[in-house]
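Just below is one structure, and these are the notes that go with it.
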Amino acid sequence: MSESFDLGHGHTASFTSWAPDRELNPQYADLPDVNLWGVVIDHPWPDGSPCIGSAATFDGPVVRQIDPTRPVWTVESLDPLTLSPSLLCRGCGDHGFIRGGRWVPA
Ligand SMILES: [Zn+2]
């Protein structure tokens, strides 16, 4: 899935999916594909250059099974998208919330 949508404030969200090659990863043979795995948030550095260091993995049974210690986000609403808690970029320090399909600076 490559659908992306504008959140405002220069932020664009792109959904990610999880669909491993099970011939190469037989440990995942019993797990289903996850179409809505998470989002990547494209956003600018203060100087305007692009930063893609911000991403959220949605909470769900598959991620809990394969990576129990990974931080996950609760999807309070999918359309419009509302996630909790907030997202903090590891690249540029950008911090904010996705609420009602919009970026809300923290
Ligand atoms: Zn960033």
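Scheme for the structure tokens: letters A, B, ... for chains in order shown; per-chain residue numbers from 1; ligand numbers from 1 in order shown.
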
**OP:** Please give me, as a PyMOL selection string, the residues lying within 6 Å of ligand 1 when counting only C-alpha atoms and all ligand atoms.
**Re:** chain A and resi 51-54+89+91-94

Output the selection as a PDB file, in the first residue's frame - C-alpha atoms for each residue.
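In the end it all went to again.pdb:
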ATOM      1  CA  CYS A  51      13.053  14.348   7.064  1.00  0.00           C
ATOM      2  CA  ILE A  52      11.583  10.855   7.146  1.00  0.00           C
ATOM      3  CA  GLY A  53      12.695   9.852  10.640  1.00  0.00           C
ATOM      4  CA  SER A  54       9.201   9.658  12.065  1.00  0.00           C
ATOM      5  CA  CYS A  89      10.947  12.204  15.298  1.00  0.00           C
ATOM      6  CA  GLY A  91      15.880  12.595  13.223  1.00  0.00           C
ATOM      7  CA  CYS A  92      14.995  16.246  13.741  1.00  0.00           C
ATOM      8  CA  GLY A  93      13.053  16.180  17.023  1.00  0.00           C
ATOM      9  CA  ASP A  94       9.758  17.103  15.369  1.00  0.00           C
TER      10      ASP A  94
END

Subject >> Nearby residues (only C-alpha atoms) at most 8 Å from Arg99 in chain A, same-chain spacing under 3 positions excluded, as a PyMOL selection string >> reply: chain A and resi 80-83+102-104

Serialized selection, all heavy atoms, as an mmCIF file, in the first residue's frame:
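The resulting file, part_12.cif, is reproduced below:
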data_model
loop_
_atom_site.group_PDB
_atom_site.id
_atom_site.type_symbol
_atom_site.label_atom_id
_atom_site.label_comp_id
_atom_site.auth_asym_id
_atom_site.auth_seq_id
_atom_site.Cartn_x
_atom_site.Cartn_y
_atom_site.Cartn_z
ATOM 1 N N PRO A 80 -11.267 9.866 9.893
ATOM 2 C CA PRO A 80 -9.920 10.424 9.775
ATOM 3 C C PRO A 80 -8.973 9.832 10.816
ATOM 4 O O PRO A 80 -9.417 9.364 11.868
ATOM 5 C CB PRO A 80 -10.135 11.913 10.025
ATOM 6 C CG PRO A 80 -11.307 11.963 10.960
ATOM 7 C CD PRO A 80 -12.213 10.834 10.509
ATOM 8 N N LEU A 81 -7.694 9.845 10.486
ATOM 9 C CA LEU A 81 -6.703 9.167 11.313
ATOM 10 C C LEU A 81 -6.446 9.916 12.621
ATOM 11 O O LEU A 81 -6.152 11.112 12.616
ATOM 12 C CB LEU A 81 -5.396 9.036 10.532
ATOM 13 C CG LEU A 81 -4.295 8.206 11.196
ATOM 14 C CD1 LEU A 81 -4.748 6.758 11.359
ATOM 15 C CD2 LEU A 81 -3.000 8.264 10.384
ATOM 16 N N THR A 82 -6.582 9.185 13.716
ATOM 17 C CA THR A 82 -6.212 9.694 15.029
ATOM 18 C C THR A 82 -5.402 8.621 15.733
ATOM 19 O O THR A 82 -5.855 7.475 15.865
ATOM 20 C CB THR A 82 -7.449 10.044 15.875
ATOM 21 O OG1 THR A 82 -8.190 11.086 15.243
ATOM 22 C CG2 THR A 82 -7.035 10.503 17.268
ATOM 23 N N LEU A 83 -4.173 9.000 16.150
ATOM 24 C CA LEU A 83 -3.284 8.060 16.829
ATOM 25 C C LEU A 83 -2.966 8.566 18.224
ATOM 26 O O LEU A 83 -2.945 9.776 18.471
ATOM 27 C CB LEU A 83 -1.960 7.914 16.071
ATOM 28 C CG LEU A 83 -2.007 7.406 14.631
ATOM 29 C CD1 LEU A 83 -0.576 7.328 14.084
ATOM 30 C CD2 LEU A 83 -2.676 6.052 14.553
ATOM 31 N N ARG A 102 -5.180 15.313 10.918
ATOM 32 C CA ARG A 102 -4.354 16.516 10.851
ATOM 33 C C ARG A 102 -3.167 16.392 11.790
ATOM 34 O O ARG A 102 -3.248 15.730 12.834
ATOM 35 C CB ARG A 102 -5.156 17.767 11.252
ATOM 36 C CG ARG A 102 -6.438 17.955 10.485
ATOM 37 C CD ARG A 102 -6.212 18.153 8.991
ATOM 38 N NE ARG A 102 -5.516 19.419 8.696
ATOM 39 C CZ ARG A 102 -5.040 19.735 7.489
ATOM 40 N NH1 ARG A 102 -5.148 18.874 6.491
ATOM 41 N NH2 ARG A 102 -4.466 20.902 7.295
ATOM 42 N N TRP A 103 -2.053 17.053 11.410
ATOM 43 C CA TRP A 103 -0.889 17.145 12.291
ATOM 44 C C TRP A 103 -1.117 18.271 13.293
ATOM 45 O O TRP A 103 -1.421 19.407 12.909
ATOM 46 C CB TRP A 103 0.376 17.417 11.476
ATOM 47 C CG TRP A 103 1.593 17.470 12.334
ATOM 48 C CD1 TRP A 103 2.218 18.585 12.813
ATOM 49 C CD2 TRP A 103 2.331 16.359 12.844
ATOM 50 N NE1 TRP A 103 3.294 18.227 13.586
ATOM 51 C CE2 TRP A 103 3.387 16.876 13.623
ATOM 52 C CE3 TRP A 103 2.186 14.962 12.716
ATOM 53 C CZ2 TRP A 103 4.304 16.033 14.270
ATOM 54 C CZ3 TRP A 103 3.097 14.143 13.355
ATOM 55 C CH2 TRP A 103 4.138 14.683 14.119
ATOM 56 N N VAL A 104 -0.965 17.953 14.556
ATOM 57 C CA VAL A 104 -1.138 18.946 15.614
ATOM 58 C C VAL A 104 0.192 19.068 16.343
ATOM 59 O O VAL A 104 0.585 18.148 17.080
ATOM 60 C CB VAL A 104 -2.254 18.532 16.600
ATOM 61 C CG1 VAL A 104 -2.412 19.594 17.689
ATOM 62 C CG2 VAL A 104 -3.573 18.307 15.863
#

Can you tell me, as a compact mmCIF listing (two decimals) with C-alpha atoms, in the first residue's frame, what residues are no more than 12 Å from Ala29 in chain A when counting only C-alpha atoms, ignoring any on the same chain fewer than 6 positions away?
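Written file, selection17.txt:
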# COMPACT_ATOMS: atom_id res chain seq x y z
CA ALA A 19 3.87 -8.83 4.07
CA PRO A 20 7.07 -10.83 4.51
CA ASP A 21 8.39 -13.32 1.97
CA ARG A 22 7.51 -16.49 3.83
CA GLU A 23 9.88 -18.65 1.80
CA VAL A 62 1.08 -9.65 14.81
CA ILE A 66 7.03 -10.81 16.37

**OP:** Would you mind reading off the distance between CA of Pro61 in chain A and CA of Ser4 in chain A, one decimal, in Å?
**Re:**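 Pair CA of Pro61 in chain A / CA of Ser4 in chain A returns 24.2 Å.
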
Original post:
So which residues of chain A fall under helix (DSSP H, G or I) by DSSP, listed as a ChimeraX atom specification?
Top reply: /A:26-28,61-66

How would the residues just chosen look if you wrote them out with C-alpha atoms as a short mmCIF file (atom, residue, chain, number, x, y, z; two decimals), in the first residue's frame?
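The new file out-v3.cif reads:
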data_model
loop_
_atom_site.label_atom_id
_atom_site.label_comp_id
_atom_site.auth_asym_id
_atom_site.auth_seq_id
_atom_site.Cartn_x
_atom_site.Cartn_y
_atom_site.Cartn_z
CA PRO A 26 9.37 -19.33 7.44
CA GLN A 27 9.04 -18.18 11.03
CA TYR A 28 6.18 -15.97 9.82
CA PRO A 61 -1.58 -9.05 17.49
CA VAL A 62 1.08 -9.65 14.81
CA VAL A 63 3.48 -6.93 15.93
CA ARG A 64 3.08 -8.02 19.55
CA GLN A 65 4.01 -11.54 18.55
CA ILE A 66 7.03 -10.81 16.37
#

**OP:** Choose the residue, out of A:Leu88, A:Ile98, A:Leu36, A:Leu24, that has the smallest atom-to-atom separation from Thr12 in chain A; count only C-alpha atoms.
**Re:**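 Smallest separation from Thr12 in chain A among the options: A:Ile98.
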
Original post:
Residues of chain A in strand (DSSP E) according to DSSP, as a ChimeraX atom specification?
Top reply: /A:4-8,11-18,34-44,50-57,74-78,81-84,87-88,95-99,102-105

**OP:** For Trp18 in chain A, work out the shell of residues within 9 Å, counting only C-alpha atoms and skipping chain neighbours fewer than 6 positions away, then give it as an MDAnalysis selection string.
**Re:** chainID A and resid 32:38

Please, could you write that set of residues out with C-alpha atoms as a PDB file, in the first residue's frame?
ATOM      1  CA  PRO A  32      -1.299 -13.127   8.348  1.00  0.00           C
ATOM      2  CA  ASP A  33      -0.265 -10.135   6.263  1.00  0.00           C
ATOM      3  CA  VAL A  34      -1.107  -6.821   7.909  1.00  0.00           C
ATOM      4  CA  ASN A  35      -2.330  -4.236   5.412  1.00  0.00           C
ATOM      5  CA  LEU A  36      -2.344  -1.374   7.893  1.00  0.00           C
ATOM      6  CA  TRP A  37       0.955  -1.880   9.674  1.00  0.00           C
ATOM      7  CA  GLY A  38       1.698   1.750  10.463  1.00  0.00           C
TER       8      GLY A  38
END

Original post:
What is the CA of Leu78 in chain A-CA of Gly100 in chain A distance in Å, reported with one decimal?
Top reply: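 We find that CA of Leu78 in chain A and CA of Gly100 in chain A lie 8.9 Å from each other.
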
Original post:
Which one is closest to His95 in chain A: A:Arg70, A:Leu31, A:Gly60, A:His43? Count only C-alpha atoms.
Top reply: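 Residue with the minimum atom-to-atom distance to His95 in chain A: A:His43.
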
**OP:** Identify, on the basis of only C-alpha atoms, every residue whose closest approach to Ala106 in chain A does not exceed 8 Å; exclude the query and any residue fewer than 3 positions from it along the same chain; express the result as a list in words.
**Re:** Ser86, His95, Gly96 and Phe97 of chain A
